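**Q** One structure coming up, written as structure tokens, with questions to follow.
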Amino acid sequence: MKNPVKTKTKFFLPLFFWVLAGILEGGYCMGQPSGETGPVFSSAEKFFFEGKLSAAKEQYAAFLSNNPQLGLIDDALYRLGEIAKAQNDFRIALRYFDIVSEQFRNSELAELAKLEKAFCKFSLKENQEAVGLLKEFLTKNFDPDLRRRAYMLLGDCWSSLDDPAKAVENYRNALPFAPKEKEEVAGLIQKAIEKEKDLEKLLNFSKSGTDAFPYGDALFRLLSLCFDERNFSKFSEYAPLFLQHFPGHSKHGVVTGLLAGLKANPYQYKTKIGIILPLTGNAALQGEMILRGVQLAFSSISSGEDIELAIKDSAGDPHTARAAMEELARDTSVIAILGPVFSKVAEEVAPLSKKMEIPMLSPASPSYSIAAGNKNPFFFRNGITGIAQGAAMAEFAMNNLDLKRFAVICQDDNFGRELSGSFIENVAAMGGEVVAVEKYSADVVDFKDLIKKVGGMEDDDLKKEAVSHAKNLKGRESTMEDGDRLSVPIYDGVGSGVGKDQIRAHLNLGYEAIFVPGFYEKIALVLPQLEFFNIENVKLLGTSGWNSGDIANLSRSHARDLYFVDGFFLDSESKPARDFVEQYKSFFGEPPDVLSAQAYDAANMLLKIHQSGKRNRQGMREGLLEIKDFPGVSGRTSFTVSGDSEKELFVLTVRKNKIVETKGGESHGD
């Protein structure tokens, strides 16, 4: 292998026994030495070059255990390091290489051992330590082959540290020392350039030399990123630099053609926002209101901007919507899709957004399970969710109306369960109590039995109960503690000689408010029946489905305190909402609704992201996740990692036969 280094036995023995202990820990037994140094070491070398590493390891260990006073010790230790490295035991390999480099500094293997130490650190993903070792190595070692290896390993380290520019720099430094490996090094440089995504770094690197490779390649990589991201302004800015400085580059003709095309027709590469809405069929009216909101948002952009709409009609049919989604996703100029708006359609097409990696923003609020439940990282929804409504109503009821105990009457479907579940959870979290939960089917019109379950009683039954309680209590007023019940009668005039017809009775309820999430059509049936069954003096709490002008008349007829939440209020005092309503009326001659407002906000979010320079699908997705406190007309909005929107909802009530906005229990506009 080389001339042995003479080493004093006294110096080496303690070190040798430490290494020997490490070998024994590895489970290898020493063979019986022959008594002659030459045959044992030669046998070890023979096994090593034949690839019989375990046998070689035993022989090197046998040699070391019997001949610590002789030469070739550093050779044996170095070989043991190589064997450990080949077996991916880099920690053990480090020990051997460290001994050779530190204790045998005059050995020809010492510098090689330093290089191997760096390789072991790199293999253990301790890249910063490897970089330090290699930099030190390069200041002291000028052997061409070793410098080539060191620079290439440095390039690998920086590549693993996600710094492609430094990786390229070190691979380039290896080229003068690698006449035989030029093709391999060039491949590594190309790979590092293709890994870089930072435009600034690519531009700076391209300016540091005049050769087509790698400097021209770096600038072409920058141009490719600009084109892929549809950032044509930057492409047009940097393309002339490429053409001027790298006329001999293999991609010169490609860049010339793309630049000429952009100059001839600046809008041929426009990006598009896909739209999937029901513009025909039963839901055409809702689809039209949503499309109007989108069109109003796009009307504010300059005619020269490189973005346009690609509109597809779903007809409210899941299969039609799926075909539209697939067509839009195949068009690489479509960078995001706005829609769909109903759960059945969304269930069909939302999974495709994940499969095709195209962000989808629903301006309404389809089923919760489609977004967060399925953990689809490409599906977002700007509608007010049932979770958000339930939480907002619970917070307002407890913090602003100072209510503590509630009953819940909700529809037994996914959305009803989402609304009521959120309300119940938030009430409990704030220290309140829901004392009753009753559910009804979608087709129910008679709420008699359900209202009785939450303590309601007809007049005759109430009076009978009042008389019975009066006799049993002997003049004491009944209370909730008299039994496990949600209501007890309170009565006046009960006593000796007082007839039943003279009794004035009403119910003392075990709750202060009823949460009835759902749509106006149901509350219009529930409210009169509550009164008929003597459930009075409780507040009624609702959700966005209540926001109908007819509810003002209903409230007047039945004299109730009603509170409900929504994501948009036509008469809001907020400036964004007022400006939107004015613009919408000017364009379309009629007022907008909540769907128009949410679609307007959704479109404006996508436009804002596009204007920030994020002009591909991944960039649009990242932009949506970065939306925080967007000042929308449907409430200040942020997106969670699950794709759901968090909104600051409007709380509404009825005052003087008119729906008004309220804060802290006080209405605006009284």
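Chain labels follow the order of the structure tokens: the first chain is A, the next B, and so on; residue numbering restarts at 1 in every chain, and ligands are counted from 1 in their shown order.
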Contacts of Lys270 in chain A at 10 Å or less, counting only C-alpha atoms, minus same-chain residues fewer than 6 places along, as a list in words?
**A** Arg230, Phe232, Glu305, Asp306, Ile307, Glu308, Leu309, Ser333 and Val334 of chain A
**Q** Those same residues - C-alpha atoms - I'd like them written as a PDB file, in the first residue's frame.
**A**
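The result, stored in selection_20.pdb:
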```pdb
ATOM      1  CA  ARG A 230     -46.859  33.435 -16.631  1.00  0.00           C
ATOM      2  CA  PHE A 232     -44.470  37.790 -18.966  1.00  0.00           C
ATOM      3  CA  GLU A 305     -54.029  43.066 -17.828  1.00  0.00           C
ATOM      4  CA  ASP A 306     -53.184  39.527 -18.878  1.00  0.00           C
ATOM      5  CA  ILE A 307     -56.053  37.711 -17.150  1.00  0.00           C
ATOM      6  CA  GLU A 308     -59.528  36.745 -18.285  1.00  0.00           C
ATOM      7  CA  LEU A 309     -62.470  34.517 -17.357  1.00  0.00           C
ATOM      8  CA  SER A 333     -53.445  28.889 -18.821  1.00  0.00           C
ATOM      9  CA  VAL A 334     -56.190  28.311 -16.215  1.00  0.00           C
TER      10      VAL A 334
END
```
**Q** Need to verify the contact set: range 595-609 of chain A, 7 Å, only C-alpha atoms, exclusion of same-chain residues closer than 2 positions in sequence. Can you return it as a list of chain:residue names?
**A**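 Surrounding residues, per the criterion: A:Met289, A:Ile290, A:Arg292, A:Gly293, A:Val294, A:Leu296, A:Ala297, A:Pro363, A:Ala364, A:Asn382, A:Gly383, A:Phe568, A:Pro592, A:Asp593, A:Gln611, A:Ser612, A:Lys614, A:Met620, A:Gly623, A:Gly632, A:Val633, A:Ser634.
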**Q** Using only C-alpha atoms, which residue out of A:Val100, A:Ala86, A:Leu259, A:Ile514 lies closest to Ala397 in chain A?
**A** A:Ile514
**Q** Record the distance separating CA of Tyr520 in chain A and CA of Ser420 in chain A, expressed in Å with one decimal.
**A**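 Distance reported for this atom pair: 16.4 Å.
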**Q** List as a PDB file with N, CA, C and O atoms, in the first residue's frame the protein and nucleic acid residues near Ala44 in chain A, meaning an atom at most 9 Å away when only C-alpha atoms are counted, but skip any in the same chain fewer than 4 places from it.
**A**
```
ATOM      1  N   PRO A  39       1.637 -12.023   6.358  1.00  0.00           N
ATOM      2  CA  PRO A  39       0.511 -12.853   5.907  1.00  0.00           C
ATOM      3  C   PRO A  39      -0.842 -12.366   6.413  1.00  0.00           C
ATOM      4  O   PRO A  39      -1.829 -12.427   5.684  1.00  0.00           O
ATOM      5  N   VAL A  40      -0.918 -11.890   7.657  1.00  0.00           N
ATOM      6  CA  VAL A  40      -2.208 -11.439   8.209  1.00  0.00           C
ATOM      7  C   VAL A  40      -2.691 -10.201   7.465  1.00  0.00           C
ATOM      8  O   VAL A  40      -3.848 -10.107   7.041  1.00  0.00           O
ATOM      9  N   PHE A  48     -10.347  -7.747   1.305  1.00  0.00           N
ATOM     10  CA  PHE A  48     -10.904  -6.406   1.060  1.00  0.00           C
ATOM     11  C   PHE A  48     -11.158  -6.204  -0.427  1.00  0.00           C
ATOM     12  O   PHE A  48     -12.246  -5.760  -0.832  1.00  0.00           O
ATOM     13  N   PHE A  49     -10.170  -6.486  -1.264  1.00  0.00           N
ATOM     14  CA  PHE A  49     -10.306  -6.238  -2.691  1.00  0.00           C
ATOM     15  C   PHE A  49     -11.217  -7.259  -3.370  1.00  0.00           C
ATOM     16  O   PHE A  49     -11.703  -7.019  -4.466  1.00  0.00           O
ATOM     17  N   LEU A  53     -15.928  -8.144   2.921  1.00  0.00           N
ATOM     18  CA  LEU A  53     -15.629  -7.118   3.916  1.00  0.00           C
ATOM     19  C   LEU A  53     -15.620  -7.649   5.345  1.00  0.00           C
ATOM     20  O   LEU A  53     -14.802  -7.227   6.164  1.00  0.00           O
ATOM     21  N   ALA A  55     -14.832 -10.664   6.402  1.00  0.00           N
ATOM     22  CA  ALA A  55     -13.591 -11.422   6.594  1.00  0.00           C
ATOM     23  C   ALA A  55     -12.395 -10.479   6.671  1.00  0.00           C
ATOM     24  O   ALA A  55     -11.488 -10.658   7.498  1.00  0.00           O
ATOM     25  N   ALA A  56     -12.392  -9.455   5.806  1.00  0.00           N
ATOM     26  CA  ALA A  56     -11.300  -8.479   5.829  1.00  0.00           C
ATOM     27  C   ALA A  56     -11.258  -7.762   7.167  1.00  0.00           C
ATOM     28  O   ALA A  56     -10.183  -7.545   7.748  1.00  0.00           O
ATOM     29  N   LYS A  57     -12.427  -7.424   7.689  1.00  0.00           N
ATOM     30  CA  LYS A  57     -12.488  -6.709   8.965  1.00  0.00           C
ATOM     31  C   LYS A  57     -11.878  -7.550  10.081  1.00  0.00           C
ATOM     32  O   LYS A  57     -11.122  -7.041  10.922  1.00  0.00           O
ATOM     33  N   GLU A  58     -12.170  -8.823  10.106  1.00  0.00           N
ATOM     34  CA  GLU A  58     -11.604  -9.707  11.139  1.00  0.00           C
ATOM     35  C   GLU A  58     -10.076  -9.756  11.036  1.00  0.00           C
ATOM     36  O   GLU A  58      -9.370  -9.724  12.043  1.00  0.00           O
ATOM     37  N   GLN A  59      -9.559  -9.826   9.803  1.00  0.00           N
ATOM     38  CA  GLN A  59      -8.116  -9.928   9.622  1.00  0.00           C
ATOM     39  C   GLN A  59      -7.397  -8.633   9.985  1.00  0.00           C
ATOM     40  O   GLN A  59      -6.336  -8.651  10.608  1.00  0.00           O
ATOM     41  N   TYR A  60      -7.993  -7.482   9.608  1.00  0.00           N
ATOM     42  CA  TYR A  60      -7.378  -6.209  10.006  1.00  0.00           C
ATOM     43  C   TYR A  60      -7.367  -6.088  11.527  1.00  0.00           C
ATOM     44  O   TYR A  60      -6.402  -5.618  12.135  1.00  0.00           O
ATOM     45  N   PHE A  63      -4.695  -8.279  12.911  1.00  0.00           N
ATOM     46  CA  PHE A  63      -3.390  -7.648  12.691  1.00  0.00           C
ATOM     47  C   PHE A  63      -3.128  -6.585  13.754  1.00  0.00           C
ATOM     48  O   PHE A  63      -2.060  -6.530  14.365  1.00  0.00           O
ATOM     49  N   ALA A  76      -4.309  -0.161   8.264  1.00  0.00           N
ATOM     50  CA  ALA A  76      -5.360  -1.048   8.767  1.00  0.00           C
ATOM     51  C   ALA A  76      -6.543  -0.248   9.298  1.00  0.00           C
ATOM     52  O   ALA A  76      -7.710  -0.588   9.045  1.00  0.00           O
TER      53      ALA A  76
END
```
**Q** Pull the strand (DSSP E or B) assignments for range 597-641 of chain A out of DSSP run on the backbone, and list those residues as a PyMOL selection string.
**A** chain A and resi 630-632+635-639
**Q** Which polymer residues have any atom within 7 Å of an atom of range 525-536 of chain A, counting only C-alpha atoms, with same-chain residues fewer than 2 positions away left out, as a list of chain:residue names?
**A**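 My reading of the contact set: A:Val445, A:Phe447, A:Ile451, A:Gly456, A:Met457, A:Glu458, A:His506, A:Leu507, A:Glu521, A:Lys522, A:Ile523, A:Val538, A:His558.
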**Q** Grab the CA of Leu203 in chain A to CA of Ala165 in chain A distance for me, in Å with one decimal place.
**A**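 According to the coordinates, CA of Leu203 in chain A and CA of Ala165 in chain A are separated by 10.6 Å.
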**Q** May I ask for the distance between CA of Ser160 in chain A and CA of Lys197 in chain A, given in Å to one decimal place?
**A** 14.8 Å
**Q** List every residue of range 324-484 of chain A that DSSP, applied to the backbone, labels as helix (DSSP H, G or I), and write the result as a PyMOL selection string.
**A** chain A and resi 324-330+343-355+368-373+386-399+414-429+448-453+459-473+480-482
**Q** With only C-alpha atoms as the counted atoms, please give the residues lying no more than 8 Å from Thr210 in chain A, apart from itself and same-chain residues fewer than 5 positions off, as an MDAnalysis selection string.
**A** chainID A and resid 215:216 245:246
**Q** Env of range 409-418 of chain A: 6 Å cut, atoms = only C-alpha atoms, seq-sep filter 5 positions within chain, self excluded. Answer as a ChimeraX atom specification.
**A** /A:386,437-441,516-517
**Q** For Ser65 in chain A, which residue out of A:Val454, A:Leu352, A:Leu77, A:Ala212 is the nearest one, using only C-alpha atoms?
**A** A:Leu77
